[in-house]
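Participant: Compact mmCIF, C-alpha atoms, file structure.txt:
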# COMPACT_ATOMS: atom_id res chain seq x y z
CA MET W 10 -17.23 -7.64 -24.55
CA ALA W 11 -14.89 -10.17 -26.08
CA LEU W 12 -12.26 -9.18 -23.53
CA ARG W 13 -14.64 -9.39 -20.60
CA GLN W 14 -15.62 -12.92 -21.50
CA ALA W 15 -12.07 -14.08 -22.12
CA VAL W 16 -10.49 -13.02 -18.83
CA ASP W 17 -8.62 -15.69 -16.87
CA TRP W 18 -9.22 -14.71 -13.24
CA SER W 19 -6.85 -17.29 -11.74
CA LEU W 20 -4.27 -14.96 -10.20
CA TYR W 21 -5.19 -11.30 -9.77
CA VAL W 22 -2.35 -9.19 -8.37
CA VAL W 23 -3.04 -5.81 -6.73
CA THR W 24 -0.31 -3.19 -6.23
CA ASP W 25 0.48 -1.60 -2.87
CA ALA W 26 3.27 0.97 -2.73
CA GLY W 27 3.70 0.57 1.02
CA LEU W 28 4.31 -3.20 0.84
CA SER W 29 6.57 -3.34 -2.19
CA ARG W 30 9.90 -2.86 -0.38
CA GLY W 31 10.68 0.25 -2.40
CA ARG W 32 10.14 -1.47 -5.75
CA SER W 33 8.07 0.53 -8.25
CA HIS W 34 4.55 -0.50 -9.24
CA VAL W 35 5.92 -1.21 -12.70
CA ALA W 36 8.74 -3.44 -11.44
CA VAL W 37 6.31 -5.33 -9.20
CA ILE W 38 3.76 -5.91 -11.96
CA GLU W 39 6.38 -6.91 -14.50
CA ALA W 40 7.71 -9.60 -12.14
CA ALA W 41 4.18 -10.72 -11.21
CA ILE W 42 3.28 -11.20 -14.86
CA THR W 43 6.50 -13.11 -15.45
CA GLY W 44 5.44 -15.41 -12.61
CA GLY W 45 1.97 -15.97 -14.05
CA ALA W 46 -0.39 -13.20 -12.86
CA THR W 47 -3.45 -13.30 -15.14
CA VAL W 48 -4.96 -9.93 -14.15
CA VAL W 49 -3.31 -6.89 -12.57
CA GLN W 50 -4.81 -4.01 -10.65
CA TYR W 51 -3.12 -0.65 -10.27
CA ARG W 52 -4.03 0.57 -6.81
CA GLU W 53 -2.51 3.86 -5.68
CA LYS W 54 -4.22 6.05 -3.12
CA HIS W 55 -1.78 8.84 -2.36
CA ALA W 56 0.20 9.92 -5.42
CA PRO W 57 -0.73 13.07 -7.36
CA THR W 58 -2.96 12.36 -10.36
CA ARG W 59 -0.21 13.20 -12.82
CA GLN W 60 2.05 10.53 -11.30
CA MET W 61 -0.80 8.00 -11.30
CA VAL W 62 -1.47 8.63 -14.97
CA ALA W 63 2.22 8.31 -15.82
CA GLU W 64 2.59 5.03 -13.90
CA ALA W 65 -0.63 3.62 -15.30
CA GLN W 66 0.52 4.50 -18.82
CA VAL W 67 3.67 2.41 -18.38
CA LEU W 68 1.57 -0.44 -16.95
CA ARG W 69 -0.78 -0.08 -19.91
CA GLU W 70 2.07 -0.66 -22.37
CA LEU W 71 3.41 -3.58 -20.32
CA THR W 72 0.02 -5.28 -19.98
CA ARG W 73 -0.82 -4.81 -23.67
CA ARG W 74 2.50 -6.38 -24.63
CA THR W 75 1.92 -9.34 -22.31
CA GLY W 76 -1.82 -9.74 -22.94
CA VAL W 77 -2.82 -9.26 -19.29
CA PRO W 78 -5.88 -7.15 -18.44
CA LEU W 79 -5.16 -3.93 -16.54
CA ILE W 80 -7.71 -2.81 -13.96
CA VAL W 81 -7.44 0.54 -12.12
CA ASN W 82 -8.60 0.78 -8.51
CA ASP W 83 -11.08 3.55 -7.63
CA ARG W 84 -9.83 6.19 -10.06
CA LEU W 85 -12.03 6.13 -13.10
CA ASP W 86 -10.26 9.26 -14.38
CA VAL W 87 -6.94 7.41 -14.43
CA ALA W 88 -8.57 4.36 -16.03
CA LEU W 89 -10.06 6.47 -18.82
CA ALA W 90 -6.85 8.44 -19.27
CA VAL W 91 -4.78 5.34 -20.05
CA ASP W 92 -7.57 3.27 -21.66
CA ALA W 93 -7.31 0.58 -18.99
CA ASP W 94 -9.39 -2.56 -19.46
CA GLY W 95 -11.51 -1.70 -16.46
CA VAL W 96 -11.97 -0.26 -13.00
CA HIS W 97 -12.36 -1.88 -9.61
CA LEU W 98 -14.57 -0.05 -7.12
CA GLY W 99 -14.97 -0.54 -3.39
CA GLN W 100 -18.07 0.35 -1.44
CA ASP W 101 -16.57 3.81 -0.68
CA ASP W 102 -15.74 4.50 -4.33
CA MET W 103 -18.02 5.78 -7.06
CA PRO W 104 -21.41 4.03 -7.08
CA ALA W 105 -21.26 1.14 -9.54
CA ALA W 106 -24.25 2.07 -11.69
CA LEU W 107 -22.86 5.58 -12.20
CA ALA W 108 -19.41 4.20 -13.03
CA ARG W 109 -20.93 1.87 -15.62
CA ARG W 110 -22.56 4.82 -17.36
CA LEU W 111 -19.23 6.67 -17.51
CA ILE W 112 -17.01 3.79 -18.69
CA GLY W 113 -19.52 2.38 -21.18
CA PRO W 114 -20.56 -1.22 -21.76
CA ASP W 115 -17.23 -2.63 -22.93
CA LYS W 116 -14.92 -1.89 -20.00
CA ILE W 117 -14.62 -4.34 -17.13
CA LEU W 118 -16.37 -3.22 -13.95
CA GLY W 119 -15.29 -4.97 -10.75
CA ILE W 120 -16.96 -4.39 -7.40
CA SER W 121 -15.85 -5.32 -3.88
CA ALA W 122 -18.47 -7.20 -1.89
CA SER W 123 -18.26 -8.22 1.77
CA THR W 124 -21.83 -9.42 2.11
CA LEU W 125 -24.36 -11.24 -0.01
CA ALA W 126 -26.46 -8.07 -0.16
CA GLU W 127 -23.51 -6.09 -1.58
CA ALA W 128 -22.83 -8.89 -4.06
CA LEU W 129 -26.41 -8.98 -5.33
CA GLN W 130 -26.51 -5.18 -5.57
CA ALA W 131 -23.29 -5.22 -7.59
CA VAL W 132 -24.77 -7.75 -10.01
CA GLN W 133 -27.78 -5.49 -10.44
CA ASP W 134 -25.56 -2.42 -10.94
CA GLY W 135 -23.78 -4.03 -13.88
CA ALA W 136 -20.63 -5.54 -12.38
CA ASP W 137 -18.60 -7.91 -14.56
CA TYR W 138 -16.87 -9.60 -11.64
CA LEU W 139 -16.78 -9.39 -7.87
CA GLY W 140 -13.88 -9.11 -5.48
CA VAL W 141 -15.24 -11.02 -2.49
CA GLY W 142 -13.69 -10.63 0.93
CA PRO W 143 -11.85 -10.07 3.06
CA ILE W 144 -11.68 -13.84 3.44
CA PHE W 145 -9.14 -13.55 6.27
CA ALA W 146 -7.97 -10.66 8.40
CA THR W 147 -5.36 -8.67 6.54
CA PRO W 148 -2.88 -6.03 7.58
CA THR W 149 -2.87 -4.43 4.12
CA LYS W 150 -6.30 -2.81 4.51
CA PRO W 151 -6.78 -1.57 8.08
CA ASP W 152 -10.17 -0.08 7.11
CA ALA W 153 -11.45 -3.32 5.61
CA ALA W 154 -14.71 -4.97 6.65
CA PRO W 155 -14.53 -7.91 9.14
CA PRO W 156 -13.33 -11.20 7.59
CA ILE W 157 -16.12 -13.26 6.01
CA GLY W 158 -14.22 -16.55 6.04
CA ILE W 159 -14.49 -19.42 3.62
CA ASP W 160 -18.15 -19.81 4.55
CA GLY W 161 -18.95 -16.23 3.56
CA LEU W 162 -17.23 -16.80 0.23
CA ARG W 163 -19.13 -20.05 -0.34
CA LEU W 164 -22.46 -18.35 0.40
CA ILE W 165 -21.86 -15.61 -2.18
CA ARG W 166 -20.58 -18.18 -4.70
CA GLN W 167 -23.85 -20.11 -4.36
CA HIS W 168 -25.90 -17.03 -5.29
CA VAL W 169 -23.75 -15.30 -7.91
CA SER W 170 -22.78 -16.67 -11.31
CA LEU W 171 -20.48 -13.76 -12.23
CA PRO W 172 -16.74 -14.37 -11.97
CA ILE W 173 -15.56 -14.09 -8.37
CA VAL W 174 -12.04 -13.45 -7.14
CA ALA W 175 -11.51 -14.05 -3.45
CA ILE W 176 -9.39 -11.45 -1.64
CA GLY W 177 -8.01 -10.73 1.82
CA GLY W 178 -5.16 -12.51 3.56
CA ILE W 179 -4.78 -15.15 0.86
CA ASN W 180 -1.34 -16.73 0.47
CA ALA W 181 0.27 -20.07 -0.33
CA THR W 182 -0.77 -21.58 3.01
CA ASN W 183 -4.51 -21.10 2.43
CA ALA W 184 -5.00 -20.69 -1.33
CA ALA W 185 -6.08 -24.30 -1.87
CA GLU W 186 -8.69 -24.08 0.87
CA VAL W 187 -10.01 -20.82 -0.59
CA MET W 188 -10.18 -22.20 -4.12
CA ALA W 189 -12.15 -25.20 -2.86
CA ALA W 190 -15.02 -22.79 -2.09
CA GLY W 191 -15.45 -22.18 -5.78
CA PRO W 192 -14.12 -18.74 -6.77
CA ASP W 193 -12.73 -18.21 -10.27
CA GLY W 194 -9.44 -17.07 -8.85
CA ILE W 195 -7.63 -15.39 -6.00
CA ALA W 196 -6.60 -11.77 -5.62
CA VAL W 197 -3.43 -11.15 -3.65
CA VAL W 198 -1.53 -8.14 -2.43
CA SER W 199 1.21 -8.83 0.10
CA ALA W 200 1.63 -12.52 -0.82
CA VAL W 201 3.07 -11.32 -4.12
CA VAL W 202 4.10 -7.66 -3.91
CA ALA W 203 5.90 -8.05 -0.58
CA ALA W 204 7.66 -11.29 -1.58
CA GLU W 205 11.41 -11.27 -1.86
CA ASP W 206 11.10 -12.94 -5.28
CA ILE W 207 7.83 -11.69 -6.76
CA ALA W 208 7.91 -13.92 -9.85
CA VAL W 209 8.49 -17.06 -7.79
CA ALA W 210 5.70 -16.13 -5.36
CA ALA W 211 3.30 -15.55 -8.25
CA GLN W 212 4.34 -18.78 -9.93
CA GLU W 213 3.71 -20.79 -6.77
CA LEU W 214 0.24 -19.30 -6.27
CA ARG W 215 -0.67 -19.73 -9.91
CA ALA W 216 0.29 -23.41 -9.74
CA MET W 217 -1.92 -23.86 -6.67
CA VAL W 218 -4.88 -22.24 -8.42
CA ASN W 219 -4.34 -24.41 -11.48
CA ALA W 220 -4.16 -27.55 -9.33
CA SER W 221 -7.36 -26.59 -7.49
CA ARG W 222 -9.12 -26.07 -10.79
CA GLN W 223 -8.00 -29.48 -12.03
CA ARG W 224 -9.22 -31.15 -8.85
CA ARG W 225 -12.55 -29.35 -9.19
CA GLU W 226 -12.94 -30.43 -12.83
CA ALA W 227 -11.94 -33.99 -12.02
CA ALA W 228 -14.49 -34.06 -9.18
CA SER W 229 -17.28 -32.83 -11.45
CA ASN W 230 -16.63 -35.56 -14.05
CA MET V 28 -19.46 26.65 -25.70
CA ALA V 29 -22.21 29.11 -24.89
CA LEU V 30 -21.50 28.52 -21.21
CA ARG V 31 -17.75 28.90 -21.59
CA GLN V 32 -18.14 32.25 -23.27
CA ALA V 33 -20.72 33.55 -20.82
CA VAL V 34 -18.85 32.94 -17.57
CA ASP V 35 -18.43 35.89 -15.23
CA TRP V 36 -15.04 35.27 -13.59
CA SER V 37 -15.31 38.14 -11.08
CA LEU V 38 -15.37 36.14 -7.84
CA TYR V 39 -14.29 32.52 -7.97
CA VAL V 40 -14.61 30.72 -4.63
CA VAL V 41 -12.69 27.51 -3.91
CA THR V 42 -13.66 25.10 -1.11
CA ASP V 43 -11.26 23.93 1.59
CA ALA V 44 -12.57 21.55 4.24
CA GLY V 45 -9.74 22.39 6.64
CA LEU V 46 -10.46 26.13 6.64
CA SER V 47 -14.24 26.07 6.79
CA ARG V 48 -14.62 25.98 10.60
CA GLY V 49 -16.53 22.73 10.44
CA ARG V 50 -19.09 24.01 7.95
CA SER V 51 -19.85 21.66 5.07
CA HIS V 52 -18.74 22.38 1.50
CA VAL V 53 -22.41 22.79 0.62
CA ALA V 54 -23.09 25.30 3.41
CA VAL V 55 -19.98 27.27 2.46
CA ILE V 56 -20.85 27.40 -1.25
CA GLU V 57 -24.46 28.29 -0.61
CA ALA V 58 -23.42 31.29 1.51
CA ALA V 59 -20.73 32.29 -0.99
CA ILE V 60 -23.26 32.32 -3.84
CA THR V 61 -25.66 34.34 -1.70
CA GLY V 62 -22.86 36.87 -1.24
CA GLY V 63 -22.10 37.07 -4.95
CA ALA V 64 -19.65 34.32 -5.95
CA THR V 65 -19.80 34.01 -9.74
CA VAL V 66 -17.94 30.68 -10.09
CA VAL V 67 -17.40 27.94 -7.50
CA GLN V 68 -14.80 25.19 -7.37
CA TYR V 69 -15.26 21.99 -5.40
CA ARG V 70 -11.82 21.09 -4.10
CA GLU V 71 -11.57 18.04 -1.85
CA LYS V 72 -8.37 16.05 -1.60
CA HIS V 73 -8.97 13.50 1.14
CA ALA V 74 -12.53 12.20 1.16
CA PRO V 75 -13.44 8.81 -0.35
CA THR V 76 -14.68 9.08 -3.94
CA ARG V 77 -18.21 8.13 -2.95
CA GLN V 78 -18.39 11.07 -0.55
CA MET V 79 -16.92 13.42 -3.15
CA VAL V 80 -19.54 12.36 -5.69
CA ALA V 81 -22.33 12.81 -3.15
CA GLU V 82 -21.14 16.30 -2.13
CA ALA V 83 -20.57 17.35 -5.71
CA GLN V 84 -24.08 16.17 -6.64
CA VAL V 85 -25.59 18.46 -4.02
CA LEU V 86 -23.41 21.33 -5.26
CA ARG V 87 -24.50 20.52 -8.80
CA GLU V 88 -28.16 21.00 -7.89
CA LEU V 89 -27.39 24.18 -5.95
CA THR V 90 -25.30 25.73 -8.73
CA ARG V 91 -27.81 24.81 -11.45
CA ARG V 92 -30.57 26.45 -9.41
CA THR V 93 -28.50 29.62 -8.91
CA GLY V 94 -26.94 29.73 -12.37
CA VAL V 95 -23.35 29.59 -11.11
CA PRO V 96 -20.79 27.41 -12.94
CA LEU V 97 -19.45 24.45 -10.93
CA ILE V 98 -15.83 23.48 -11.47
CA VAL V 99 -14.27 20.36 -9.87
CA ASN V 100 -10.64 20.44 -8.79
CA ASP V 101 -8.33 17.67 -10.04
CA ARG V 102 -10.90 14.84 -10.08
CA LEU V 103 -12.16 14.45 -13.60
CA ASP V 104 -14.04 11.30 -12.51
CA VAL V 105 -16.07 13.33 -10.01
CA ALA V 106 -16.63 16.09 -12.58
CA LEU V 107 -17.97 13.61 -15.14
CA ALA V 108 -20.05 11.78 -12.53
CA VAL V 109 -22.04 14.91 -11.60
CA ASP V 110 -21.90 16.61 -15.01
CA ALA V 111 -19.99 19.59 -13.58
CA ASP V 112 -19.39 22.53 -15.89
CA GLY V 113 -15.67 21.89 -15.89
CA VAL V 114 -12.47 20.82 -14.17
CA HIS V 115 -9.56 22.75 -12.78
CA LEU V 116 -6.16 21.10 -13.01
CA GLY V 117 -2.89 21.96 -11.32
CA GLN V 118 0.52 21.11 -12.68
CA ASP V 119 0.50 17.83 -10.66
CA ASP V 120 -2.93 16.81 -11.94
CA MET V 121 -3.83 15.11 -15.20
CA PRO V 122 -2.02 16.65 -18.18
CA ALA V 123 -4.30 19.27 -19.75
CA ALA V 124 -4.32 17.95 -23.30
CA LEU V 125 -5.33 14.48 -22.08
CA ALA V 126 -8.04 15.96 -19.86
CA ARG V 127 -9.45 17.90 -22.79
CA ARG V 128 -9.79 14.68 -24.79
CA LEU V 129 -11.69 13.03 -21.93
CA ILE V 130 -14.08 15.89 -21.08
CA GLY V 131 -14.79 16.89 -24.67
CA PRO V 132 -14.88 20.34 -26.23
CA ASP V 133 -17.83 21.79 -24.29
CA LYS V 134 -16.68 21.50 -20.68
CA ILE V 135 -14.62 24.26 -19.10
CA LEU V 136 -10.94 23.40 -18.65
CA GLY V 137 -9.02 25.54 -16.16
CA ILE V 138 -5.27 25.24 -15.61
CA SER V 139 -3.07 26.60 -12.83
CA ALA V 140 -0.07 28.54 -14.07
CA SER V 141 2.77 29.95 -11.96
CA THR V 142 5.01 30.98 -14.83
CA LEU V 143 4.61 32.43 -18.29
CA ALA V 144 5.83 29.13 -19.76
CA GLU V 145 3.11 27.20 -17.93
CA ALA V 146 0.52 29.74 -19.04
CA LEU V 147 1.51 29.49 -22.71
CA GLN V 148 1.57 25.69 -22.53
CA ALA V 149 -1.92 25.68 -21.00
CA VAL V 150 -3.20 27.85 -23.84
CA GLN V 151 -1.71 25.40 -26.32
CA ASP V 152 -3.23 22.42 -24.44
CA GLY V 153 -6.74 23.81 -24.79
CA ALA V 154 -7.37 25.64 -21.52
CA ASP V 155 -10.45 27.86 -21.30
CA TYR V 156 -9.12 29.96 -18.45
CA LEU V 157 -6.05 30.17 -16.25
CA GLY V 158 -5.69 30.31 -12.49
CA VAL V 159 -2.58 32.45 -12.15
CA GLY V 160 -0.63 32.52 -8.92
CA PRO V 161 0.11 32.29 -6.15
CA ILE V 162 0.12 36.07 -6.20
CA PHE V 163 1.04 36.24 -2.51
CA ALA V 164 2.28 33.66 -0.03
CA THR V 165 -0.63 31.65 1.30
CA PRO V 166 -1.02 29.28 4.21
CA THR V 167 -3.79 27.32 2.43
CA LYS V 168 -1.42 25.58 0.01
CA PRO V 169 1.84 24.73 1.75
CA ASP V 170 3.06 22.95 -1.42
CA ALA V 171 2.37 25.93 -3.66
CA ALA V 172 4.97 27.48 -5.94
CA PRO V 173 6.76 30.66 -4.72
CA PRO V 174 4.60 33.81 -4.97
CA ILE V 175 4.77 35.53 -8.35
CA GLY V 176 3.54 38.88 -7.13
CA ILE V 177 1.53 41.47 -9.00
CA ASP V 178 4.34 41.77 -11.54
CA GLY V 179 4.17 38.05 -12.37
CA LEU V 180 0.44 38.36 -12.89
CA ARG V 181 0.85 41.42 -15.11
CA LEU V 182 3.44 39.62 -17.25
CA ILE V 183 1.14 36.67 -17.91
CA ARG V 184 -1.80 39.01 -18.53
CA GLN V 185 0.20 40.78 -21.23
CA HIS V 186 0.77 37.51 -23.12
CA VAL V 187 -2.49 35.64 -22.62
CA SER V 188 -5.91 36.70 -23.87
CA LEU V 189 -7.81 33.82 -22.19
CA PRO V 190 -9.75 34.66 -19.03
CA ILE V 191 -7.42 34.85 -16.01
CA VAL V 192 -8.38 34.54 -12.37
CA ALA V 193 -5.65 35.56 -9.93
CA ILE V 194 -5.22 33.29 -6.90
CA GLY V 195 -3.13 33.03 -3.76
CA GLY V 196 -3.40 35.14 -0.64
CA ILE V 197 -5.99 37.50 -2.10
CA ASN V 198 -8.34 39.22 0.34
CA ALA V 199 -10.10 42.52 0.88
CA THR V 200 -6.83 44.32 1.72
CA ASN V 201 -5.17 43.59 -1.64
CA ALA V 202 -7.98 42.73 -4.09
CA ALA V 203 -8.03 46.21 -5.67
CA GLU V 204 -4.27 46.14 -6.25
CA VAL V 205 -4.54 42.66 -7.82
CA MET V 206 -7.43 43.65 -10.06
CA ALA V 207 -5.45 46.65 -11.30
CA ALA V 208 -3.05 44.19 -12.98
CA GLY V 209 -5.83 43.16 -15.33
CA PRO V 210 -7.19 39.72 -14.43
CA ASP V 211 -10.82 38.90 -15.18
CA GLY V 212 -11.45 38.09 -11.56
CA ILE V 213 -10.03 36.84 -8.30
CA ALA V 214 -10.10 33.34 -6.86
CA VAL V 215 -10.24 33.10 -3.10
CA VAL V 216 -10.14 30.36 -0.53
CA SER V 217 -9.64 31.47 3.08
CA ALA V 218 -10.85 35.07 2.51
CA VAL V 219 -14.31 33.60 1.99
CA VAL V 220 -14.52 30.04 3.33
CA ALA V 221 -12.80 30.90 6.64
CA ALA V 222 -14.80 34.10 7.18
CA GLU V 223 -17.15 34.26 10.11
CA ASP V 224 -19.87 35.52 7.77
CA ILE V 225 -19.19 33.94 4.39
CA ALA V 226 -21.90 35.83 2.49
CA VAL V 227 -20.70 39.20 3.78
CA ALA V 228 -17.08 38.38 2.95
CA ALA V 229 -18.06 37.36 -0.59
CA GLN V 230 -20.22 40.44 -1.00
CA GLU V 231 -17.38 42.75 0.04
CA LEU V 232 -14.92 41.12 -2.38
CA ARG V 233 -17.43 41.11 -5.21
CA ALA V 234 -18.05 44.83 -4.72
CA MET V 235 -14.30 45.48 -4.88
CA VAL V 236 -13.96 43.53 -8.13
CA ASN V 237 -16.92 45.38 -9.62
CA ALA V 238 -15.44 48.73 -8.60
CA SER V 239 -12.05 47.79 -10.10
CA ARG V 240 -13.74 46.83 -13.34
CA GLN V 241 -15.58 50.14 -13.48
CA ARG V 242 -12.37 52.07 -12.87
CA ARG V 243 -10.68 50.07 -15.62
CA GLU V 244 -13.49 50.73 -18.08
CA ALA V 245 -13.59 54.42 -17.20
CA ALA V 246 -9.82 54.64 -17.69
CA SER V 247 -10.03 53.02 -21.14
CA ASN V 248 -12.67 55.48 -22.35
In structure tokens, how does this file's structure come out?

Facilitator:
Amino acid sequence: MALRQAVDWSLYVVTDAGLSRGRSHVAVIEAAITGGATVVQYREKHAPTRQMVAEAQVLRELTRRTGVPLIVNDRLDVALAVDADGVHLGQDDMPAALARRLIGPDKILGISASTLAEALQAVQDGADYLGVGPIFATPTKPDAAPPIGIDGLRLIRQHVSLPIVAIGGINATNAAEVMAAGPDGIAVVSAVVAAEDIAVAAQELRAMVNASRQRREAASN
Amino acid sequence: MALRQAVDWSLYVVTDAGLSRGRSHVAVIEAAITGGATVVQYREKHAPTRQMVAEAQVLRELTRRTGVPLIVNDRLDVALAVDADGVHLGQDDMPAALARRLIGPDKILGISASTLAEALQAVQDGADYLGVGPIFATPTKPDAAPPIGIDGLRLIRQHVSLPIVAIGGINATNAAEVMAAGPDGIAVVSAVVAAEDIAVAAQELRAMVNASRQRREAASN
């Protein structure tokens, strides 16, 4: 519970083996944390379970040492095996209410929502935060729902008080515009994991999120 | 515990979507149980987790109604989600000792073993039964270890008192020979799920296992 409340959602970095230019998940996440990632998600769809558990165990040690929450995508078995801080589930993954029963009340449960209806259902099912998107079209998830745009994000923000991270095609050219719609942070894949210098890319995005937050706070005073 | 001790391992049928001639996992398992399958394993490697959970839930109801244990291959998350009777793990799946901690003492833990060393390790890690093989070369698992033959099965049988199901290329032409090496039962994929009449194929194999058992008991008297 304490952990769930304390999470800084500013810069949420998601792994993608196919976009990482041959760098390991561990190398990518280590550099992303160095650059200022505040949450990391281990997403791996193809490796054998034993390899997933081994990689997630190394990430678990790294994220404990650096104080960054570790979320596992889809695979609740892997999350439980390494005592990750939580799981992130898409609409094709395990139903959220069932996942909550299996992980217990203290683990973080994140749910992907592309529509207001999905967002409200996720709140009801016990989500701790929402991944809202895709904001823009993205090549990293060919099976993703159609982009919802900044307006779609703003609509969900108006109806949901849970933490929201915006995801889908977000990079340094549009991060400020996205943050202006009110999410708690941005989730990125290729903008960080495909960057030549991962730490620098993360640092730049983190600075943009921080600046957006300061503008927002200044505007509300 | 009661369940673990009471399992009849005679005919253990494993699903395979690619071999089932377009029939659903549920249709295949229902026919296999009608024919005499004594244990069924839900094995699905490619479907989204939500679909796996939905299919396994239907199998859970069917197997409860018919009193047949339901084992889930690899995916401990799916097994926990539907309260399956156990999980079956290969050497590339979650390490057995870790899986035992997550499923608790009462669920069935099955481990694949291709060598005596793997079999002895699985015993040490808390396995409840072993899937030993592949006995023969099999087209259903192109990534399988080299066949260990009847002699490999007999060697492991001599050193392991846990229940053993032999697997890999077993069908009506060789089931009697396999059973003569002393396993508690046979596990089959294509010999049942690819059969034109699944119930008849299962019935034939079950009768062969029963006959082998009777010969064995007669010989030991």

Participant: Write out as a tab-separated table (two decimals) with C-alpha atoms, keeping the file's coordinate frame which residues come within 7 Å of segment 122-133 of chain V when counting only C-alpha atoms, dropping same-chain ones fewer than 6 positions away.

Facilitator:
chain	number	residue	atom	x	y	z
W	59	ARG	CA	-0.21	13.20	-12.82
W	90	ALA	CA	-6.85	8.44	-19.27
V	28	MET	CA	-19.46	26.65	-25.70
V	149	ALA	CA	-1.92	25.68	-21.00
V	152	ASP	CA	-3.23	22.42	-24.44
V	153	GLY	CA	-6.74	23.81	-24.79

Participant: What residues in chain W lie within 10 Å of chain V, counting all atoms listed in the file, written as JSON, numbers by chain?

Facilitator: {"W": [54, 55, 56, 57, 58, 59, 60, 61, 62, 63, 83, 84, 85, 86, 87, 88, 89, 90, 91, 98, 99, 100, 101, 102, 103, 104, 107, 108, 110, 111]}

Participant: How about saving the chosen residues, C-alpha atoms kept, as a tab-separated table (two decimals), in the frame of the given file?

Facilitator:
chain	number	residue	atom	x	y	z
W	54	LYS	CA	-4.22	6.05	-3.12
W	55	HIS	CA	-1.78	8.84	-2.36
W	56	ALA	CA	0.20	9.92	-5.42
W	57	PRO	CA	-0.73	13.07	-7.36
W	58	THR	CA	-2.96	12.36	-10.36
W	59	ARG	CA	-0.21	13.20	-12.82
W	60	GLN	CA	2.05	10.53	-11.30
W	61	MET	CA	-0.80	8.00	-11.30
W	62	VAL	CA	-1.47	8.63	-14.97
W	63	ALA	CA	2.22	8.31	-15.82
W	83	ASP	CA	-11.08	3.55	-7.63
W	84	ARG	CA	-9.83	6.19	-10.06
W	85	LEU	CA	-12.03	6.13	-13.10
W	86	ASP	CA	-10.26	9.26	-14.38
W	87	VAL	CA	-6.94	7.41	-14.43
W	88	ALA	CA	-8.57	4.36	-16.03
W	89	LEU	CA	-10.06	6.47	-18.82
W	90	ALA	CA	-6.85	8.44	-19.27
W	91	VAL	CA	-4.78	5.34	-20.05
W	98	LEU	CA	-14.57	-0.05	-7.12
W	99	GLY	CA	-14.97	-0.54	-3.39
W	100	GLN	CA	-18.07	0.35	-1.44
W	101	ASP	CA	-16.57	3.81	-0.68
W	102	ASP	CA	-15.74	4.50	-4.33
W	103	MET	CA	-18.02	5.78	-7.06
W	104	PRO	CA	-21.41	4.03	-7.08
W	107	LEU	CA	-22.86	5.58	-12.20
W	108	ALA	CA	-19.41	4.20	-13.03
W	110	ARG	CA	-22.56	4.82	-17.36
W	111	LEU	CA	-19.23	6.67	-17.51

Participant: Please provide the set of residues having any atom within 12 Å of Val198 of chain W, restricted to all atoms listed in the file, with same-chain residues fewer than 2 positions apart removed, written as JSON, numbers by chain.

Facilitator: {"W": [20, 21, 22, 23, 24, 25, 26, 27, 28, 29, 34, 37, 38, 41, 46, 49, 50, 51, 52, 143, 147, 148, 149, 150, 175, 176, 177, 178, 179, 180, 195, 196, 200, 201, 202, 203, 204, 207, 210, 211, 214]}

Participant: May I have the residues from that selection written out with C-alpha atoms, as a JSON list (two decimals), keeping the file's coordinate frame?

Facilitator:
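Once everything was written out, this is part00.json:
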[["chain", "number", "residue", "atom", "x", "y", "z"],
["W", 20, "LEU", "CA", -4.27, -14.96, -10.20],
["W", 21, "TYR", "CA", -5.19, -11.30, -9.77],
["W", 22, "VAL", "CA", -2.35, -9.19, -8.37],
["W", 23, "VAL", "CA", -3.04, -5.81, -6.73],
["W", 24, "THR", "CA", -0.31, -3.19, -6.23],
["W", 25, "ASP", "CA", 0.48, -1.60, -2.87],
["W", 26, "ALA", "CA", 3.27, 0.97, -2.73],
["W", 27, "GLY", "CA", 3.70, 0.57, 1.02],
["W", 28, "LEU", "CA", 4.31, -3.20, 0.84],
["W", 29, "SER", "CA", 6.57, -3.34, -2.19],
["W", 34, "HIS", "CA", 4.55, -0.50, -9.24],
["W", 37, "VAL", "CA", 6.31, -5.33, -9.20],
["W", 38, "ILE", "CA", 3.76, -5.91, -11.96],
["W", 41, "ALA", "CA", 4.18, -10.72, -11.21],
["W", 46, "ALA", "CA", -0.39, -13.20, -12.86],
["W", 49, "VAL", "CA", -3.31, -6.89, -12.57],
["W", 50, "GLN", "CA", -4.81, -4.01, -10.65],
["W", 51, "TYR", "CA", -3.12, -0.65, -10.27],
["W", 52, "ARG", "CA", -4.03, 0.57, -6.81],
["W", 143, "PRO", "CA", -11.85, -10.07, 3.06],
["W", 147, "THR", "CA", -5.36, -8.67, 6.54],
["W", 148, "PRO", "CA", -2.88, -6.03, 7.58],
["W", 149, "THR", "CA", -2.87, -4.43, 4.12],
["W", 150, "LYS", "CA", -6.30, -2.81, 4.51],
["W", 175, "ALA", "CA", -11.51, -14.05, -3.45],
["W", 176, "ILE", "CA", -9.39, -11.45, -1.64],
["W", 177, "GLY", "CA", -8.01, -10.73, 1.82],
["W", 178, "GLY", "CA", -5.16, -12.51, 3.56],
["W", 179, "ILE", "CA", -4.78, -15.15, 0.86],
["W", 180, "ASN", "CA", -1.34, -16.73, 0.47],
["W", 195, "ILE", "CA", -7.63, -15.39, -6.00],
["W", 196, "ALA", "CA", -6.60, -11.77, -5.62],
["W", 200, "ALA", "CA", 1.63, -12.52, -0.82],
["W", 201, "VAL", "CA", 3.07, -11.32, -4.12],
["W", 202, "VAL", "CA", 4.10, -7.66, -3.91],
["W", 203, "ALA", "CA", 5.90, -8.05, -0.58],
["W", 204, "ALA", "CA", 7.66, -11.29, -1.58],
["W", 207, "ILE", "CA", 7.83, -11.69, -6.76],
["W", 210, "ALA", "CA", 5.70, -16.13, -5.36],
["W", 211, "ALA", "CA", 3.30, -15.55, -8.25],
["W", 214, "LEU", "CA", 0.24, -19.30, -6.27]]
